[in-house]
file input.txt (compact mmCIF, C-alpha atoms)
# COMPACT_ATOMS: atom_id res chain seq x y z
CA MET A 1 65.68 46.84 129.11
CA GLN A 2 67.93 49.01 126.91
CA THR A 3 70.89 50.86 128.38
CA PRO A 4 71.24 54.62 127.62
CA ASP A 5 74.13 53.68 125.31
CA GLN A 6 71.89 51.38 123.27
CA VAL A 7 69.25 54.10 122.97
CA ASN A 8 71.96 56.47 121.71
CA MET A 9 73.32 53.95 119.24
CA LEU A 10 69.80 53.38 117.93
CA SER A 11 69.07 57.03 117.40
CA ILE A 12 72.43 58.42 116.20
CA PRO A 13 72.06 56.66 112.79
CA ASP A 14 68.56 58.20 112.51
CA VAL A 15 70.00 61.68 113.09
CA ILE A 16 72.77 61.05 110.51
CA ARG A 17 70.20 59.76 108.01
CA LYS A 18 68.01 62.81 108.59
CA LYS A 19 70.85 65.24 107.82
CA ARG A 20 72.13 63.09 104.93
CA ASP A 21 68.67 63.38 103.33
CA GLY A 22 68.69 67.16 103.71
CA GLU A 23 66.15 67.41 106.54
CA THR A 24 66.33 69.99 109.32
CA LEU A 25 67.62 68.62 112.64
CA SER A 26 65.64 69.42 115.78
CA ASP A 27 67.20 70.83 118.97
CA ASP A 28 66.87 67.32 120.48
CA ASP A 29 68.65 65.71 117.51
CA ILE A 30 71.58 68.11 117.88
CA LYS A 31 71.65 67.71 121.67
CA LEU A 32 71.83 63.94 121.24
CA PHE A 33 74.72 64.17 118.74
CA ILE A 34 76.81 66.65 120.74
CA GLY A 35 76.10 64.73 123.97
CA ALA A 36 77.32 61.49 122.39
CA VAL A 37 80.46 63.22 121.07
CA THR A 38 81.22 64.70 124.51
CA GLU A 39 80.61 61.41 126.35
CA LYS A 40 82.53 59.46 123.65
CA SER A 41 79.55 57.09 123.27
CA ILE A 42 79.59 57.52 119.48
CA GLN A 43 81.77 55.69 116.97
CA ASP A 44 84.35 57.70 115.02
CA ALA A 45 82.75 56.50 111.77
CA GLN A 46 79.41 57.97 112.89
CA THR A 47 80.99 61.31 113.83
CA GLY A 48 82.72 61.43 110.44
CA ALA A 49 79.48 60.56 108.62
CA MET A 50 77.60 63.31 110.47
CA LEU A 51 80.30 65.90 109.70
CA MET A 52 80.23 64.95 106.01
CA ALA A 53 76.41 65.15 105.96
CA ILE A 54 76.60 68.67 107.47
CA TRP A 55 79.32 69.62 104.97
CA GLN A 56 77.22 68.33 102.06
CA LYS A 57 73.77 69.58 103.08
CA GLY A 58 74.59 72.66 105.18
CA MET A 59 72.48 73.82 108.13
CA GLU A 60 69.58 76.21 108.62
CA VAL A 61 70.11 79.22 110.92
CA THR A 62 68.06 77.47 113.66
CA GLU A 63 70.30 74.38 113.43
CA ILE A 64 73.50 76.44 113.61
CA GLU A 65 72.15 78.24 116.69
CA SER A 66 71.32 74.96 118.42
CA PHE A 67 74.64 73.36 117.34
CA THR A 68 76.66 76.33 118.66
CA ARG A 69 74.77 76.48 121.97
CA GLU A 70 75.06 72.70 122.62
CA MET A 71 78.80 72.82 121.83
CA MET A 72 79.24 75.72 124.28
CA LEU A 73 77.31 73.85 127.00
CA SER A 74 79.32 70.63 126.48
CA GLY A 75 81.80 71.88 129.11
CA GLU A 76 82.52 74.60 131.61
CA VAL A 77 81.17 78.11 130.97
CA MET A 78 83.32 80.71 132.70
CA SER A 79 81.86 83.22 135.14
CA TRP A 80 83.29 86.59 136.13
CA PRO A 81 82.96 88.96 139.12
CA GLN A 82 79.90 91.23 138.97
CA GLU A 83 82.08 94.36 138.83
CA TRP A 84 83.50 93.22 135.47
CA ALA A 85 80.05 93.27 133.84
CA GLY A 86 80.23 94.76 130.34
CA GLN A 87 84.06 94.76 130.30
CA VAL A 88 85.07 91.20 129.33
CA VAL A 89 86.12 91.10 125.65
CA ASP A 90 88.06 89.04 123.13
CA LYS A 91 88.94 88.88 119.45
CA HIS A 92 89.21 86.07 116.94
CA SER A 93 91.08 86.04 113.64
CA THR A 94 90.43 83.47 110.91
CA GLY A 95 94.21 83.24 110.42
CA GLY A 96 96.82 84.83 108.22
CA VAL A 97 100.55 85.14 107.57
CA GLY A 98 102.46 87.19 110.12
CA ASP A 99 99.24 87.73 112.10
CA LYS A 100 100.58 88.83 115.48
CA VAL A 101 97.65 91.17 116.22
CA SER A 102 96.59 89.32 119.41
CA LEU A 103 100.00 89.83 121.03
CA VAL A 104 99.64 93.60 120.69
CA LEU A 105 95.86 93.91 121.10
CA ALA A 106 95.41 92.00 124.40
CA PRO A 107 97.73 94.26 126.48
CA VAL A 108 96.39 97.36 124.68
CA LEU A 109 92.81 96.53 125.70
CA ALA A 110 93.89 95.73 129.28
CA ALA A 111 95.60 99.14 129.44
CA CYS A 112 92.28 100.69 128.27
CA GLY A 113 90.49 99.12 131.26
CA LEU A 114 88.99 96.01 129.67
CA LYS A 115 89.39 92.34 130.73
CA VAL A 116 90.73 90.02 128.03
CA PRO A 117 90.62 86.23 128.68
CA MET A 118 92.08 85.33 125.27
CA ILE A 119 91.79 81.61 124.58
CA SER A 120 93.94 81.01 121.51
CA GLY A 121 95.01 78.16 119.27
CA ARG A 122 98.13 76.65 117.77
CA GLY A 123 99.24 76.92 114.18
CA LEU A 124 98.14 74.29 111.69
CA ALA A 125 98.91 74.17 107.95
CA HIS A 126 100.37 77.52 106.75
CA THR A 127 98.93 79.84 109.43
CA GLY A 128 100.88 80.53 112.61
CA GLY A 129 99.29 80.10 116.02
CA THR A 130 99.35 82.74 118.77
CA LEU A 131 100.29 80.13 121.38
CA ASP A 132 103.33 78.98 119.37
CA LYS A 133 104.53 82.57 119.13
CA LEU A 134 104.27 83.10 122.89
CA GLU A 135 105.98 79.78 123.62
CA SER A 136 109.09 81.07 121.88
CA ILE A 137 109.50 83.21 125.04
CA PRO A 138 111.37 81.06 127.61
CA GLY A 139 109.11 80.13 130.53
CA PHE A 140 105.81 81.36 129.01
CA ASN A 141 103.10 78.93 130.17
CA ILE A 142 99.94 78.84 128.06
CA GLN A 143 98.26 76.19 130.25
CA GLN A 144 96.37 78.01 133.01
CA SER A 145 93.40 76.80 135.07
CA SER A 146 90.15 78.78 135.30
CA GLU A 147 91.22 79.92 138.80
CA GLN A 148 94.59 81.15 137.49
CA ILE A 149 92.90 82.94 134.56
CA LEU A 150 90.63 84.76 137.03
CA LYS A 151 93.62 85.76 139.15
CA ILE A 152 95.69 87.01 136.17
CA LEU A 153 92.74 89.01 134.80
CA GLY A 154 92.30 90.58 138.23
CA SER A 155 95.92 91.71 138.49
CA VAL A 156 96.98 92.25 134.84
CA GLY A 157 93.74 92.56 132.86
CA CYS A 158 94.72 90.12 130.08
CA CYS A 159 96.03 86.62 129.54
CA ILE A 160 96.62 84.51 126.45
CA VAL A 161 96.07 80.82 127.14
CA GLY A 162 95.28 77.51 125.47
CA GLN A 163 91.88 75.86 125.53
CA THR A 164 91.51 74.03 128.87
CA GLU A 165 90.27 70.41 129.00
CA LYS A 166 86.98 71.65 130.45
CA ILE A 167 86.09 74.30 127.86
CA VAL A 168 84.00 73.03 124.92
CA PRO A 169 85.28 69.43 125.01
CA ALA A 170 82.99 68.57 122.07
CA ASP A 171 84.99 70.95 119.87
CA ARG A 172 88.29 69.18 120.58
CA VAL A 173 86.84 65.96 119.20
CA LEU A 174 85.09 67.53 116.21
CA TYR A 175 88.07 69.76 115.35
CA ALA A 176 90.37 66.74 115.01
CA GLN A 177 87.74 64.79 113.06
CA ARG A 178 87.09 67.70 110.68
CA ASP A 179 90.77 67.70 109.77
CA ALA A 180 90.72 63.93 109.17
CA THR A 181 87.50 63.98 107.10
CA SER A 182 88.15 67.04 104.88
CA THR A 183 85.22 68.95 106.41
CA VAL A 184 87.23 71.91 107.75
CA ASP A 185 85.69 74.43 105.31
CA SER A 186 82.04 74.06 106.32
CA LEU A 187 80.33 77.31 107.32
CA PRO A 188 78.11 75.76 110.07
CA LEU A 189 81.05 73.78 111.52
CA ILE A 190 83.41 76.79 111.49
CA THR A 191 80.73 78.98 113.09
CA GLY A 192 79.94 76.43 115.82
CA SER A 193 83.61 75.85 116.62
CA ILE A 194 84.57 79.52 116.92
CA ILE A 195 81.48 80.94 118.61
CA SER A 196 81.01 78.07 121.12
CA LYS A 197 84.52 78.69 122.50
CA LYS A 198 83.98 82.44 122.70
CA GLY A 199 80.54 81.89 124.28
CA ALA A 200 82.14 79.71 126.96
CA GLU A 201 84.33 82.72 127.88
CA SER A 202 81.12 84.61 128.84
CA LEU A 203 82.14 87.70 126.88
CA SER A 204 80.42 91.08 126.83
CA ALA A 205 81.82 91.86 123.37
CA LEU A 206 83.69 90.02 120.63
CA ILE A 207 85.43 91.35 117.52
CA LEU A 208 86.15 89.06 114.56
CA ASP A 209 88.89 89.65 112.00
CA VAL A 210 87.68 87.68 108.98
CA LYS A 211 90.39 87.58 106.34
CA PHE A 212 90.17 87.00 102.59
CA GLY A 213 92.73 86.84 99.81
CA LYS A 214 95.58 84.69 98.47
CA ALA A 215 96.94 83.74 101.89
CA ALA A 216 93.56 83.31 103.67
CA LEU A 217 91.06 80.45 104.03
CA TYR A 218 88.55 82.46 101.93
CA LYS A 219 89.85 83.87 98.67
CA ASP A 220 87.17 86.52 98.00
CA LEU A 221 85.25 89.18 99.94
CA GLU A 222 81.81 87.64 99.33
CA SER A 223 82.55 84.24 100.92
CA ALA A 224 84.40 85.90 103.83
CA LYS A 225 81.39 88.17 104.36
CA LYS A 226 79.05 85.15 104.54
CA LEU A 227 81.22 83.68 107.30
CA ALA A 228 81.42 87.04 109.12
CA GLN A 229 77.62 87.37 109.01
CA SER A 230 77.13 83.82 110.30
CA LEU A 231 79.63 84.34 113.14
CA GLY A 232 78.10 87.72 114.00
CA ARG A 233 74.56 86.33 114.05
CA GLU A 234 75.49 83.45 116.38
CA GLY A 235 77.66 85.62 118.66
CA ASN A 236 74.93 88.21 119.08
CA GLY A 237 72.42 85.36 119.54
CA LEU A 238 74.40 84.11 122.55
CA GLY A 239 74.30 87.59 124.11
CA MET A 240 77.79 88.81 123.11
CA ARG A 241 77.90 92.10 121.20
CA THR A 242 79.70 90.80 118.12
CA GLY A 243 81.26 92.88 115.34
CA ALA A 244 83.43 91.88 112.39
CA VAL A 245 86.15 93.41 110.26
CA LEU A 246 86.75 92.09 106.73
CA SER A 247 90.45 92.49 105.93
CA THR A 248 92.67 91.50 103.01
CA MET A 249 95.32 88.81 103.43
CA ASP A 250 97.37 88.59 100.23
CA SER A 251 100.84 89.35 101.50
CA VAL A 252 102.07 89.36 105.12
CA ILE A 253 101.08 91.46 108.13
CA GLY A 254 104.03 93.57 109.24
CA ARG A 255 107.59 92.69 108.23
CA ASN A 256 108.30 89.55 110.27
CA VAL A 257 106.93 86.00 109.87
CA GLY A 258 107.84 83.11 112.20
CA ASN A 259 107.39 82.63 115.93
CA SER A 260 110.39 84.36 117.62
CA LEU A 261 110.54 87.05 114.92
CA GLU A 262 106.85 87.88 115.37
CA VAL A 263 107.31 88.27 119.13
CA ILE A 264 110.09 90.79 118.37
CA GLU A 265 107.85 92.74 115.98
CA SER A 266 104.97 92.71 118.53
CA LEU A 267 107.26 94.11 121.23
CA GLU A 268 108.48 96.77 118.82
CA ALA A 269 104.84 97.69 118.09
CA LEU A 270 104.15 98.02 121.83
CA LYS A 271 107.24 100.28 122.04
CA GLY A 272 105.66 102.58 119.44
CA ASN A 273 107.52 101.30 116.35
CA GLY A 274 104.79 99.12 114.84
CA PRO A 275 104.44 98.84 111.05
CA GLU A 276 101.48 100.71 109.56
CA ASP A 277 99.43 97.66 108.47
CA LEU A 278 99.73 95.92 111.87
CA MET A 279 98.77 99.10 113.71
CA GLU A 280 95.79 99.65 111.38
CA LEU A 281 94.38 96.28 112.48
CA VAL A 282 95.19 96.87 116.18
CA THR A 283 93.59 100.33 116.25
CA THR A 284 90.51 99.25 114.26
CA LEU A 285 89.81 96.04 116.21
CA GLY A 286 90.61 97.71 119.53
CA GLY A 287 88.62 100.82 118.67
CA ILE A 288 85.52 98.76 117.81
CA LEU A 289 85.72 96.83 121.11
CA LEU A 290 86.04 100.11 123.06
CA LEU A 291 83.00 101.41 121.14
CA MET A 292 80.95 98.22 121.77
CA THR A 293 81.71 98.36 125.52
CA SER A 294 80.84 102.10 125.68
CA LYS A 295 84.43 103.03 126.64
CA ALA A 296 84.55 105.23 123.51
CA SER A 297 81.78 107.34 121.97
CA ASP A 298 82.82 106.58 118.38
CA LEU A 299 85.41 104.62 116.40
CA SER A 300 87.89 107.49 116.01
CA GLU A 301 87.92 108.06 119.78
CA GLY A 302 88.46 104.32 120.28
CA ARG A 303 91.38 104.35 117.85
CA LYS A 304 92.89 107.33 119.66
CA GLN A 305 92.67 105.55 123.05
CA VAL A 306 94.53 102.58 121.55
CA LEU A 307 97.33 104.81 120.23
CA ASP A 308 97.49 106.69 123.55
CA VAL A 309 98.18 103.56 125.65
CA VAL A 310 100.89 102.51 123.17
CA LYS A 311 102.49 105.96 123.19
CA SER A 312 102.45 106.22 127.01
CA GLY A 313 104.03 102.75 127.43
CA ALA A 314 101.02 101.52 129.45
CA ALA A 315 100.30 98.65 126.99
CA LEU A 316 103.96 97.49 127.06
CA LEU A 317 103.83 97.35 130.88
CA ARG A 318 100.72 95.13 130.65
CA PHE A 319 102.52 92.77 128.28
CA GLN A 320 105.45 92.59 130.71
CA ALA A 321 103.09 91.90 133.63
CA MET A 322 101.26 89.23 131.59
CA MET A 323 104.56 87.47 130.78
CA GLU A 324 105.52 87.43 134.47
CA ALA A 325 102.05 86.23 135.53
CA GLN A 326 102.29 83.39 133.00
CA GLY A 327 105.65 82.08 134.17
CA VAL A 328 108.36 84.19 132.50
CA ALA A 329 111.23 85.18 134.81
CA LYS A 330 111.10 88.85 135.84
CA LYS A 331 114.58 89.56 134.41
CA THR A 332 113.65 87.95 131.06
CA ALA A 333 110.44 90.00 130.83
CA GLU A 334 112.31 93.21 131.71
CA THR A 335 114.99 92.53 129.08
CA LEU A 336 112.40 91.98 126.34
CA CYS A 337 110.51 95.15 127.29
CA SER A 338 113.49 97.49 127.71
CA ALA A 339 114.11 100.21 125.13
CA HIS A 340 117.27 99.17 123.28
CA THR A 341 117.52 95.47 123.86
CA ASP A 342 119.19 92.54 122.13
CA TYR A 343 116.13 90.32 121.68
CA PHE A 344 118.29 87.33 120.79
CA SER A 345 119.90 87.39 124.23
CA VAL A 346 116.53 85.89 125.30
CA LEU A 347 114.87 84.46 122.20
CA ARG A 348 116.38 81.67 120.11
CA LYS A 349 118.14 82.85 116.97
CA SER A 350 118.42 80.46 114.02
CA GLU A 351 121.85 79.07 113.10
CA HIS A 352 121.66 80.40 109.53
CA GLN A 353 120.38 83.55 107.83
CA THR A 354 120.29 83.98 104.05
CA GLU A 355 119.37 87.15 102.19
CA LEU A 356 117.56 87.08 98.87
CA ARG A 357 118.33 89.88 96.42
CA THR A 358 116.06 91.38 93.77
CA LEU A 359 116.58 90.03 90.24
CA ALA A 360 115.67 93.31 88.48
CA ASP A 361 115.09 97.05 88.96
CA GLY A 362 111.56 98.21 89.77
CA ALA A 363 109.06 99.13 92.45
CA VAL A 364 107.86 96.54 94.95
CA THR A 365 104.17 95.96 94.12
CA GLY A 366 103.38 92.60 95.75
CA LEU A 367 104.50 89.55 97.70
CA ASP A 368 102.60 86.25 97.75
CA GLY A 369 102.25 85.60 101.48
CA LEU A 370 101.03 82.03 100.95
CA VAL A 371 104.24 81.01 99.15
CA LEU A 372 106.38 82.52 101.92
CA ALA A 373 104.31 80.75 104.59
CA GLN A 374 104.52 77.40 102.78
CA VAL A 375 108.32 77.60 102.46
CA LEU A 376 108.71 78.54 106.16
CA HIS A 377 106.38 75.68 107.06
CA LYS A 378 108.66 73.22 105.22
CA LEU A 379 111.69 74.73 107.01
CA GLY A 380 110.12 73.84 110.37
CA ALA A 381 108.18 76.98 111.40
CA GLY A 382 104.81 75.19 111.23
CA ARG A 383 103.23 71.78 111.67
CA SER A 384 101.22 69.45 109.43
CA LYS A 385 99.69 67.45 112.28
CA ALA A 386 98.49 68.60 115.71
CA GLY A 387 101.11 67.91 118.38
CA GLU A 388 104.15 68.05 116.06
CA PRO A 389 107.10 70.09 117.39
CA ILE A 390 108.07 73.31 115.62
CA ASN A 391 111.24 75.38 115.44
CA HIS A 392 110.55 78.80 116.97
CA SER A 393 113.67 80.36 115.40
CA VAL A 394 112.66 79.73 111.77
CA GLY A 395 111.16 82.73 109.98
CA ALA A 396 111.62 85.60 107.56
CA GLU A 397 112.11 89.36 107.64
CA LEU A 398 110.85 91.49 104.77
CA LEU A 399 113.57 94.08 104.08
CA VAL A 400 111.65 96.26 101.61
CA SER A 401 108.27 98.01 101.73
CA PHE A 402 105.47 98.19 99.18
CA GLY A 403 105.93 101.00 96.67
CA GLN A 404 109.68 101.14 97.38
CA LYS A 405 111.90 101.57 94.30
CA VAL A 406 114.70 98.98 94.25
CA GLU A 407 117.72 98.35 92.06
CA LYS A 408 118.72 94.89 90.91
CA GLY A 409 120.66 93.14 93.69
CA THR A 410 118.89 94.88 96.59
CA PRO A 411 118.42 92.54 99.60
CA TRP A 412 114.63 92.11 99.99
CA LEU A 413 114.15 89.09 102.26
CA ARG A 414 116.16 87.53 105.09
CA ILE A 415 115.33 83.87 105.78
CA HIS A 416 116.17 82.41 109.21
CA TYR A 417 116.59 78.62 109.08
CA GLU A 418 118.37 75.62 110.62
CA LYS A 419 117.67 72.06 109.49
CA PRO A 420 116.36 71.37 106.88
CA SER A 421 118.34 73.80 104.72
CA LEU A 422 116.87 76.16 102.16
CA THR A 423 116.73 74.33 98.80
CA PRO A 424 117.32 75.91 95.35
CA ASP A 425 113.67 75.17 94.50
CA GLN A 426 112.47 77.05 97.61
CA MET A 427 114.78 79.98 96.75
CA SER A 428 113.26 80.20 93.28
CA ARG A 429 109.67 79.94 94.63
CA LEU A 430 110.44 82.84 96.99
CA GLN A 431 111.98 84.93 94.19
CA ASN A 432 108.85 84.35 92.08
CA ALA A 433 106.63 85.38 95.00
CA LEU A 434 107.94 88.97 94.80
CA THR A 435 106.33 91.23 92.19
CA LEU A 436 108.20 94.25 90.84
CA GLY A 437 106.40 96.83 88.72
CA SER A 438 107.09 100.25 87.23
CA ASP A 439 104.81 102.28 89.54
CA SER A 440 106.63 103.55 92.62
CA LYS A 441 103.77 105.93 93.44
CA MET A 442 101.70 103.00 94.70
CA GLN A 443 99.70 104.13 97.73
CA THR A 444 99.84 102.03 100.89
CA GLN A 445 96.65 100.00 100.69
CA SER A 446 94.36 99.81 103.71
CA LEU A 447 93.89 96.18 104.86
CA VAL A 448 90.43 96.81 106.32
CA LYS A 449 87.81 96.64 103.57
CA GLU A 450 84.52 96.55 105.49
CA LEU A 451 83.11 96.76 109.02
CA LEU A 452 80.04 94.79 110.18
CA LEU A 453 78.89 96.23 113.49
CA PRO A 454 75.94 95.13 115.66
CA ASN A 455 73.00 97.54 115.85
call {"tool": "encode", "arguments": {"input": "input.txt", "output": "structure tokens"}}
result
Amino acid sequence: MQTPDQVNMLSIPDVIRKKRDGETLSDDDIKLFIGAVTEKSIQDAQTGAMLMAIWQKGMEVTEIESFTREMMLSGEVMSWPQEWAGQVVDKHSTGGVGDKVSLVLAPVLAACGLKVPMISGRGLAHTGGTLDKLESIPGFNIQQSSEQILKILGSVGCCIVGQTEKIVPADRVLYAQRDATSTVDSLPLITGSIISKKGAESLSALILDVKFGKAALYKDLESAKKLAQSLGREGNGLGMRTGAVLSTMDSVIGRNVGNSLEVIESLEALKGNGPEDLMELVTTLGGILLLMTSKASDLSEGRKQVLDVVKSGAALLRFQAMMEAQGVAKKTAETLCSAHTDYFSVLRKSEHQTELRTLADGAVTGLDGLVLAQVLHKLGAGRSKAGEPINHSVGAELLVSFGQKVEKGTPWLRIHYEKPSLTPDQMSRLQNALTLGSDSKMQTQSLVKELLLPN
């Protein structure tokens, strides 16, 4: 008599072989694989082989649907009170440099009457993670149980938390294995990972910010659009109204990069002083969610609602309430949210700041965001392996704006660092990342290039 484990071990190689040979996996094949991953009854070598086979051969739409659904069902699927029907929303960004949109958007949407159970991630490689940014606020606790999430949503309307042990456990395993097996950039695997987690949040609507450009995972619009379409198809297939924004990611979003510094810029945005590019993303993503949940009749009305709750201070109050609900002391939260505050009386400030000065006259026409992110990563702002500590105080402030005419010797970047120190090689890489041209009439470019909305 064979044990269930033996049956699994007999059939897992068959499923791997099938995908390796380019065949289409059945729902049962995929269920078997995801079940074995979740129960840990599969060998790491087999998981790696399967991931590589998927990377090499791709997946049909039917396979991606089945893969995403089985991943979602591998753990707890959240449920919400009946009176919240049609109001539970979230957003996902494929990652960028200085991408602090979630910190502004979650309280904005809560102030507009929506419920936002934002389950976020940590930074890996050159992109910063939303959770790392929030953890630079003393006392902010990103680990909340399903019961606590429900309670916070009831009182505040938004929370930003880490993935709990119970939500999509299969993804935790596959995510780590994808990193180890160089299969991160597989369209079916990316789609399954993102949409299964959002599906487990039982959302009414989801907006995706799919980025492309020098400092993004995808370098061109066409490949980013393929991902956006795949994510949109699977999201809508699971019953979430899913829309996507295709936005450029060549430089940085806003002026600040690095965990503490991005919290400061987010708070400034909630106080009505947000940089134009950041607010373009917040109003567009927020406006689309308000449209998809029938809170706004069209996109321009949605955008206006977003700006209204920022102007009135309602969104800032939600951020303050969210901080307190997630463990930040009342006095700390009040200090951060007050009008003319010294942010560094609460947030950690780096021991050293160095300003870089322009090497010539000209107009600022570009900044390579990837180079800036890589240097900050080396200085301790990011991590190379999951679980590594990071230094929340490390970061950079851009002191000039695009199109601005500068003279030689103008300070253009302030780097915040501790140990390790800034090396001459890093200084020269940063100087080369800035582009000066002759045209000071350069128009501010819109980041949003295309919208993909559900019917």
call {"tool": "residues_near_point", "arguments": {"input": "input.txt", "point": "(99.0, 99.8, 115.1)", "cutoff": "9 Å", "atoms": "all atoms listed in the file", "output": "list in words"}}
result
Val101, Val104, Leu105, Ala269, Leu270, Gly272, Asn273, Gly274, Pro275, Glu276, Asp277, Leu278, Met279, Glu280, Leu281, Val282, Thr283, Thr284, Val306, Leu307 and Val310 of chain A
call {"tool": "atom_distance", "arguments": {"input": "input.txt", "atom1": "CA of Phe212 in chain A", "atom2": "CA of Ser247 in chain A"}}
result
6.4 Å
call {"tool": "closest_residue", "arguments": {"input": "input.txt", "among": "A:Val210, A:Ile160, A:Leu25, A:Met78", "to": "Thr94 in chain A", "atoms": "all atoms listed in the file"}}
result
A:Val210
call {"tool": "closest_residue", "arguments": {"input": "input.txt", "among": "A:Leu73, A:Ala329, A:Leu174, A:Val89", "to": "Lys40 in chain A", "atoms": "only C-alpha atoms"}}
result
A:Leu174
call {"tool": "closest_residue", "arguments": {"input": "input.txt", "among": "A:Gln229, A:Ser155, A:Gln143, A:Ser120", "to": "Ala325 in chain A", "atoms": "all atoms listed in the file"}}
result
A:Ser155
call {"tool": "atom_distance", "arguments": {"input": "input.txt", "atom1": "CA of Lys211 in chain A", "atom2": "CA of Val257 in chain A"}}
result
17.0 Å
call {"tool": "residues_around", "arguments": {"input": "input.txt", "residues": "Glu76 in chain A", "least_positions_apart": "5", "cutoff": "7 Å", "atoms": "only C-alpha atoms", "output": "list in words"}}
result
Lys166, Ile167 and Ala200 of chain A
call {"tool": "closest_residue", "arguments": {"input": "input.txt", "among": "A:Lys197, A:Thr130, A:Leu347, A:Gly286", "to": "Val309 in chain A", "atoms": "all atoms listed in the file"}}
result
A:Gly286
call {"tool": "atom_distance", "arguments": {"input": "input.txt", "atom1": "CA of Gly95 in chain A", "atom2": "CA of Asp209 in chain A"}}
result
8.5 Å
call {"tool": "axis_aligned_box", "arguments": {"input": "input.txt", "around": "range 369-379 of chain A", "padding_each_side": "4 Å", "output": "AutoDock Vina command-line options"}}
result
--center_x 106.4 --center_y 79.4 --center_z 103.1 --size_x 18.7 --size_y 20.4 --size_z 15.9
call {"tool": "closest_residue", "arguments": {"input": "input.txt", "among": "A:Leu109, A:Leu430, A:Val37, A:Ala333", "to": "Ser74 in chain A", "atoms": "only C-alpha atoms"}}
result
A:Val37
call {"tool": "closest_residue", "arguments": {"input": "input.txt", "among": "A:Ser186, A:Ser251, A:Asn256, A:Gln404", "to": "Ser230 in chain A", "atoms": "all atoms listed in the file"}}
result
A:Ser186
call {"tool": "residues_around", "arguments": {"input": "input.txt", "residues": "Leu372 in chain A", "least_positions_apart": "3", "cutoff": "9 Å", "atoms": "all atoms listed in the file", "output": "ChimeraX atom specification"}}
result
/A:97,251-252,257,367-369,375-377,396,429-430,433
call {"tool": "residues_around", "arguments": {"input": "input.txt", "residues": "range 239-243 of chain A", "least_positions_apart": "3", "cutoff": "8 Å", "atoms": "only C-alpha atoms", "output": "ChimeraX atom specification"}}
result
/A:199,202-208,232-233,235-236,288,292,451-454
call {"tool": "residues_around", "arguments": {"input": "input.txt", "residues": "Leu317 in chain A", "least_positions_apart": "6", "cutoff": "9 Å", "atoms": "only C-alpha atoms", "output": "list in words"}}
result
Pro107, Ala111 and Cys337 of chain A
call {"tool": "decode", "arguments": {"input": "input.txt", "residues": "range 56-68 of chain A", "atoms": "N, CA and C atoms", "output": "PDB file, in the first residue's frame"}}
result
ATOM      1  N   GLN A  56      11.267  28.262 -18.867  1.00  0.00           N
ATOM      2  CA  GLN A  56      11.693  27.931 -20.234  1.00  0.00           C
ATOM      3  C   GLN A  56      10.522  27.828 -21.204  1.00  0.00           C
ATOM      4  N   LYS A  57       9.452  27.145 -20.784  1.00  0.00           N
ATOM      5  CA  LYS A  57       8.369  26.805 -21.715  1.00  0.00           C
ATOM      6  C   LYS A  57       7.160  27.737 -21.628  1.00  0.00           C
ATOM      7  N   GLY A  58       7.091  28.552 -20.569  1.00  0.00           N
ATOM      8  CA  GLY A  58       5.943  29.441 -20.409  1.00  0.00           C
ATOM      9  C   GLY A  58       4.689  28.668 -20.008  1.00  0.00           C
ATOM     10  N   MET A  59       3.552  29.361 -19.956  1.00  0.00           N
ATOM     11  CA  MET A  59       2.285  28.726 -19.596  1.00  0.00           C
ATOM     12  C   MET A  59       1.172  29.294 -20.461  1.00  0.00           C
ATOM     13  N   GLU A  60       0.207  28.447 -20.789  1.00  0.00           N
ATOM     14  CA  GLU A  60      -0.995  28.905 -21.477  1.00  0.00           C
ATOM     15  C   GLU A  60      -1.846  29.706 -20.491  1.00  0.00           C
ATOM     16  N   VAL A  61      -2.783  30.501 -21.016  1.00  0.00           N
ATOM     17  CA  VAL A  61      -3.680  31.285 -20.156  1.00  0.00           C
ATOM     18  C   VAL A  61      -4.415  30.381 -19.157  1.00  0.00           C
ATOM     19  N   THR A  62      -4.879  29.215 -19.618  1.00  0.00           N
ATOM     20  CA  THR A  62      -5.617  28.295 -18.715  1.00  0.00           C
ATOM     21  C   THR A  62      -4.721  27.820 -17.571  1.00  0.00           C
ATOM     22  N   GLU A  63      -3.441  27.577 -17.873  1.00  0.00           N
ATOM     23  CA  GLU A  63      -2.499  27.130 -16.831  1.00  0.00           C
ATOM     24  C   GLU A  63      -2.247  28.254 -15.812  1.00  0.00           C
ATOM     25  N   ILE A  64      -2.076  29.483 -16.323  1.00  0.00           N
ATOM     26  CA  ILE A  64      -1.818  30.610 -15.415  1.00  0.00           C
ATOM     27  C   ILE A  64      -3.021  30.812 -14.489  1.00  0.00           C
ATOM     28  N   GLU A  65      -4.218  30.683 -15.050  1.00  0.00           N
ATOM     29  CA  GLU A  65      -5.443  30.820 -14.234  1.00  0.00           C
ATOM     30  C   GLU A  65      -5.463  29.804 -13.110  1.00  0.00           C
ATOM     31  N   SER A  66      -5.201  28.543 -13.471  1.00  0.00           N
ATOM     32  CA  SER A  66      -5.225  27.451 -12.499  1.00  0.00           C
ATOM     33  C   SER A  66      -4.115  27.639 -11.452  1.00  0.00           C
ATOM     34  N   PHE A  67      -2.921  28.010 -11.923  1.00  0.00           N
ATOM     35  CA  PHE A  67      -1.760  28.234 -11.049  1.00  0.00           C
ATOM     36  C   PHE A  67      -2.066  29.338 -10.031  1.00  0.00           C
ATOM     37  N   THR A  68      -2.632  30.440 -10.511  1.00  0.00           N
ATOM     38  CA  THR A  68      -2.949  31.583  -9.642  1.00  0.00           C
ATOM     39  C   THR A  68      -4.007  31.205  -8.608  1.00  0.00           C
TER      40      THR A  68
END
